[in-house]
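Engineer: Input: one structure, supplied below.
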Amino acid sequence: MSDLGGFSLFELFRGEAEQHAATLSADLVKLEQSASPADIEPLMRAAHSIKGAAKVIGLDRAVDLAHAMEDALVAMQQGREIPTAERIDQLLRATDLLASLAAISESELAAWTAANTPVVAALAASLLQPIARGAVAAPTTQRSLSAPLAVPKPEPRERTSAVRVTAEKLDRLLQLAGETMLESRRLEVVRRQSQSMKSRVIELEDELDRLRTWMRQNGIDANVLAPLRKITSRTRNEVVGHIASVDESIRRGEETATSLYHEVLSSRMRPFADVTGALPRTVRDIARQLGKEVRLEVIGESVQVDRDILARLEAPLNHLLRNALDHGLEMPDERRAAGKSESSLLRVEALHHAGMLRIRVSDDGRGIHSEMIRESVVRKALASSEMVAEMSNQEVLEFLFLPGFSTAAQVTDLSGRGVGLDVVQSTMREVGGRVRVESAPGTGTVFELELPITVSVIRALLAEVSGETFAFPLARIERVVQLHSDALTTVEGRLQFSLDDRSVGLVDAATLFELGAIEVRDSVSVVVLGGDDWYGFLVDKFVGEEDLVVRTLDSRLGKVAHVSAAAIREDGDPALIVDCEDILSSMRQQLTEGRPSASKRRAIAASSSVRRKRVLVVDDSATVREVERQLLVRLGYEVDTANDGADGFHALRDGGYDLLVSDVDMPRMTGIELTRAVRLEPTLTRLPIIIVSYKDREEDRLAGMNAGANAYLTKGAFQDQTFAATVRDLIGEAEQ
């Protein structure tokens, strides 16, 4: 196939087919909801454009199919047909076939044609056959389509509508643009130097004036200084002019560099609609498969989001919608019996809130019955019935995010395997976000996702800790406070203070970063982090706020505790960007679950005549951690906990543990990665390790054992005493 300006004509067709197929897919679903001649016009234009492009490069099958689609749409526009569900299904199948052309290479074209020629012929023939008048139409309001419109001509193609740039090049451009902006701001040094030169010249003029006065007072001819005075005056004027020129150049440079940076940055930002375009089709197809009537509303399609964040949103949104369609929304007769409309409502809403992207996925379905979750928790031996009875409904709902957890009575193609909500939570954690769920039986369910708008640049608070500069993303800061030391109190050996009638635990930043300790003076600086719970972070002093270009750390460093990335400040100095989730995990560990420091543990061990064996439990689920902790405590062991593999590995290197019990699926460092890291650590090579996971396939067990675990158990082992027996087999009784 011929080339045009270095591009294959088929490549150009692929891009056009992809664009117009997306338009057809989205607008056909809307057409099923409500139809008018104006609604059909863009569909006809898209089909006509694909037909024209296919004809130019000789794709006869695509031409035939697009032409049949045009004819069917013209019939609707002229009022000879109404957009029935059957006709929309046919048009969507045709759209999928045309879209599949955009997903193949030119070398695969012959095979596609051979495989799909009979399919295209049959589908084109069905599109040309009139739909019976008695056929079921779309389930919403139908409008009169009697006013015909002329078939629209395809829009003229622009010569250069887009340029393909790799993501790597765009990232590099953004980094260079950011550095250019910072370099332009560093020219402030040149301005200060010019001002200093001006001050020196003025001082010289003043000295000459004083010398001339002295000479006159002492009868000396002061005119000998006139040439020198003229030179200094001319120099001062030149310096003043130079300063004005430098100021103007710096101003223009800063404006240009800043504009360049924001233009490149905006090229990374995409509308939320980019990730929601396929959702109406997905919802429609699944709803028809289930026999449910569902209307999807998408709000905030123009909200701008970093393309990397958008790429991570597709899977969570699909999981949430599929879960709502299968579990949350009722069948029409069930809704009718409950006094609801037969058509359910699914809503996806995006907005910017407090520097974060907030996405709400809600439905008006049956809601989540917490009692079903409680029964499932007990049945799966995740907690005892006594523990479950004491949990609040919100705590019970958190079980939904555990891997493998499901309340479905049977496994279906859509759900029931317990896969989905754990993916949502893990994705949110990976991008520094979080997910919450609210539900009321009979009313509906709301999942709320909160995540950064962009991962390339952040607005951050800079604080100094033991001489090092750390950056705290403003989006994760609840409050910044300056306190008198008298406001700090000690409860059970832990510092805390009161803020808005809330007790806030306080952790020394220098200790957390292993930089020594901060000396508490009369006035202390505190960064308050958190969400539902607040935690205070004690720093030396606040430095200010800046926009920072995020730079990832070298992969050879591995995961650096409590640090997510680095940045270069406007003055050229480096700053470390803190990992807020990591910090919050460690702060919760210290302030609530109370893992003592290594020195304190050694002191406790030395003061005790009978040593109890110590176990570290590592699991990202607070509920599962507590279940395992209580089981081990009842067996007599001393137990510490960690939120994930990275935190667990840091704890293990402090020493003093007799056994490690770890989950598999955890953020930052999985249980398999943790096991391998332990086996490579000289002081931990003989440490017994038990992996406890929901995954019960043989290949999962072999992966754990091959990594170096001594035992691999499923979480049902809590119920049949296998867990307790394995612990005793590996390390013996609790006391020695």
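Residue names in the structure tokens use chain letters A, B, ... in the order shown, residue numbers from 1 in each chain, and ligand numbers from 1 in the order shown.
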Within 10 Å of A:Ser523, counting only C-alpha atoms, which residues show up once you throw out same-chain ones fewer than 3 positions away? Write them as a list in words, please.
Structural biologist: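 Final neighbour list, sorted by chain and number: Gln482, Leu483, His484, Ser485, Asp486, Ala487, Val520, Val526, Asp540 and Lys541 of chain A.
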Engineer: Enumerate as a ChimeraX atom specification all residues of stretch 327-438 of chain A assigned to helix (DSSP H, G or I) by DSSP on the backbone, naming them with the chain letters and numbers the document uses.
Structural biologist: /A:327-328,332-337,370-379,385-390,393-401,421-430
Engineer: Would you please work out which residue, of A:Glu581, A:Asp285, A:Glu349, A:Glu70, is nearest to A:Val303 when using only C-alpha atoms?
Structural biologist: A:Glu349
Engineer: Mind checking which residues fall within 9 Å of stretch 698-704 of chain A, counting only C-alpha atoms, ignoring those fewer than 6 positions away in the same chain, and posting them as a list in words?
Structural biologist: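 The residues that qualify are Val664, Gly671, Ile672, Thr675, Ile691, Asn710, Ala711, Tyr712 and Leu713 of chain A.
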Engineer: Take the residues that were just selected and, keeping C-alpha atoms, output them as a short mmCIF file (atom, residue, chain, number, x, y, z; two decimals), in the first residue's frame.
Structural biologist:
```
data_model
loop_
_atom_site.label_atom_id
_atom_site.label_comp_id
_atom_site.auth_asym_id
_atom_site.auth_seq_id
_atom_site.Cartn_x
_atom_site.Cartn_y
_atom_site.Cartn_z
CA VAL A 664 1.24 -12.25 49.19
CA GLY A 671 5.06 -11.29 50.10
CA ILE A 672 7.05 -13.17 47.44
CA THR A 675 10.56 -13.60 51.16
CA ILE A 691 3.00 -17.31 53.72
CA ASN A 710 8.90 -22.73 54.89
CA ALA A 711 5.12 -23.11 54.62
CA TYR A 712 2.32 -21.84 52.38
CA LEU A 713 -1.19 -21.78 53.91
#
```
Engineer: Residues at most 6 Å from A:Gly365, counting only C-alpha atoms, excluding those fewer than 5 positions away in the same chain, as a list in words?
Structural biologist: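 Once the adjacent positions are removed, what remains is Gly328, Leu329 and Gly444 of chain A.
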Engineer: Include C-alpha atoms and write out the residues we just selected as a short mmCIF file (atom, residue, chain, number, x, y, z; two decimals), in the first residue's frame.
Structural biologist:
```
data_model
loop_
_atom_site.label_atom_id
_atom_site.label_comp_id
_atom_site.auth_asym_id
_atom_site.auth_seq_id
_atom_site.Cartn_x
_atom_site.Cartn_y
_atom_site.Cartn_z
CA GLY A 328 -25.95 -3.78 42.91
CA LEU A 329 -28.72 -3.16 40.39
CA GLY A 444 -27.73 2.21 46.62
#
```
Engineer: Give me the residues near stretch 639-648 of chain A as a list in words, where near means some atom within 7 Å (using only C-alpha atoms) and where sequence neighbours in that chain fewer than 4 positions away do not count.
Structural biologist: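 Everything that qualifies: Ser585, Arg595, Arg614, Val615, Leu616, Val617, Val618, Asp619, Asp620, Arg625, Arg629, Leu632, Val633, Leu652, Met666, Pro667, Arg668, Met669, Thr670, Gly671 and Leu674 of chain A.
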Engineer: For A:Glu179, which residue out of A:Leu548, A:Ala389, A:Leu127, A:Val224 is the nearest one, using only C-alpha atoms?
Structural biologist: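 The closest residue to A:Glu179 is A:Leu548.
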Engineer: Hey, can you check how far atom CA of A:Arg229 sits from atom CA of A:Ser194?
Structural biologist: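 Separation of atom CA of A:Arg229 and atom CA of A:Ser194: 20.6 Å.
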Engineer: Need to verify the contact set: stretch 502-509 of chain A, 8 Å, only C-alpha atoms, exclusion of same-chain residues closer than 5 positions in sequence. Can you return it as a JSON list (two decimals) with C-alpha atoms, in the first residue's frame?
Structural biologist:
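selection10.json was written with the following content:
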```
[["chain", "number", "residue", "atom", "x", "y", "z"],
["A", 465, "VAL", "CA", 14.42, 17.94, 58.97],
["A", 494, "ARG", "CA", 3.65, 8.88, 72.98],
["A", 495, "LEU", "CA", 3.49, 12.60, 72.16],
["A", 496, "GLN", "CA", 0.18, 14.12, 71.13],
["A", 497, "PHE", "CA", -1.62, 17.47, 70.96],
["A", 517, "ALA", "CA", 16.09, 13.30, 66.66],
["A", 518, "ILE", "CA", 14.59, 16.79, 66.59],
["A", 534, "TRP", "CA", -4.98, 12.84, 61.58],
["A", 535, "TYR", "CA", -1.31, 12.33, 62.42],
["A", 536, "GLY", "CA", 1.23, 15.01, 63.33],
["A", 537, "PHE", "CA", 4.69, 15.05, 61.78],
["A", 538, "LEU", "CA", 7.26, 17.05, 63.80],
["A", 539, "VAL", "CA", 9.79, 18.97, 61.62],
["A", 587, "MET", "CA", 2.87, 6.56, 61.94],
["A", 591, "LEU", "CA", 1.01, 5.35, 67.40]]
```
Engineer: Please provide as a PyMOL selection string all residues within 8 Å of A:Phe401, with the sequence filter that same-chain residues fewer than 2 positions apart are discarded (counting only C-alpha atoms).
Structural biologist: chain A and resi 398-399+403+405+421-422+424-425
Engineer: Report the distance between atom CA of A:Ser525 and atom CA of A:Val563 in Å, rounded to one decimal place.
Structural biologist: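 So the answer is 20.1 Å.
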Engineer: Please report the interatomic distance between atom CA of A:Phe470 and atom CA of A:Leu170 in Å with one decimal.
Structural biologist: 27.1 Å
Engineer: Let me make sure I understand: among A:Arg191, A:Arg295, A:Arg234, A:His242, which one has the smallest atom-to-atom distance to A:Glu342 if we use only C-alpha atoms?
Structural biologist: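 Between A:Arg191, A:Arg295, A:Arg234, A:His242, the residue approaching A:Glu342 most closely is A:Arg295.
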Engineer: Which one is closest to A:Arg93: A:Leu65, A:Leu680, A:Val437, A:Ala110? Count only C-alpha atoms.
Structural biologist: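 Nearest candidate to A:Arg93 out of A:Leu65, A:Leu680, A:Val437, A:Ala110: A:Leu65.
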Engineer: If you run DSSP on the backbone here, which positions in stretch 280-317 of chain A get strand (DSSP E)? Please write them as a PyMOL selection string.
Structural biologist: chain A and resi 293-299+304-306
